[in-house]
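The structure appears right after this line, and notes come after that.
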Amino acid sequence: MTAVTEALDVLEVTDAGDAGAIRKAYLRLVNKWHPDRFQNKEDHERAAEMFRKIQDAYSVLKERRDP
């Protein structure tokens, strides 16, 4: 699996060329998985990991779009 394909899976989008859909998915997932929303330690750690994955995925797709 390529980095772009993996990033698309994390952000739950299908088209790497649709910048609007990528940004919308990123904002939705960042809001959903922000660690500050979780008080339980286990949930907080899981959310922090997902938050990092979402940020990394967005960075991969953004770098691909903005050379």
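By convention here, the chains of the structure tokens are called A, B, ... in the order presented, each chain's residues are numbered starting at 1, and ligands are numbered starting at 1 in the order presented.
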
### Task
Would you kindly return, as a PyMOL selection string, each protein, DNA or RNA residue with an atom no farther than 7 Å from any atom of A:Tyr58, considering only C-alpha atoms and excluding same-chain residues fewer than 4 positions away?
chain A and resi 7+26+54+62

### Query
If you count only C-alpha atoms, which residues fall within 10 Å of A:Phe38, apart from same-chain ones fewer than 6 positions away, as a PyMOL selection string?
chain A and resi 44-48

### Query
Out of A:Asp36, A:Lys41, A:Met1, A:Arg64, which residue has the shortest atom-to-atom distance to A:Ala16 when counting only C-alpha atoms?
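Of the candidates, the smallest distance to A:Ala16 is held by A:Arg64.
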
### Query
At what distance in Å, to one decimal, does atom CA of A:Asp9 lie from atom CA of A:Asp43?
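For atom CA of A:Asp43 relative to atom CA of A:Asp9, the distance reads 21.6 Å.
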
#### Entry: DSSP helix (DSSP H, G or I) residues within chain A, listed as number ranges by chain
A: 3-11, 19-33, 35-37, 41-65

### Pairwise distance for atom CA of A:Ala57 and atom CA of A:Thr2, rounded to one decimal in Å
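These two atoms are separated by 11.6 Å.
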
### Task
Give me, please, the distance in Å between atom CA of A:Pro35 and atom CA of A:Ala19, quoted to one decimal.
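Result for atom CA of A:Pro35 versus atom CA of A:Ala19: 25.2 Å, one decimal.
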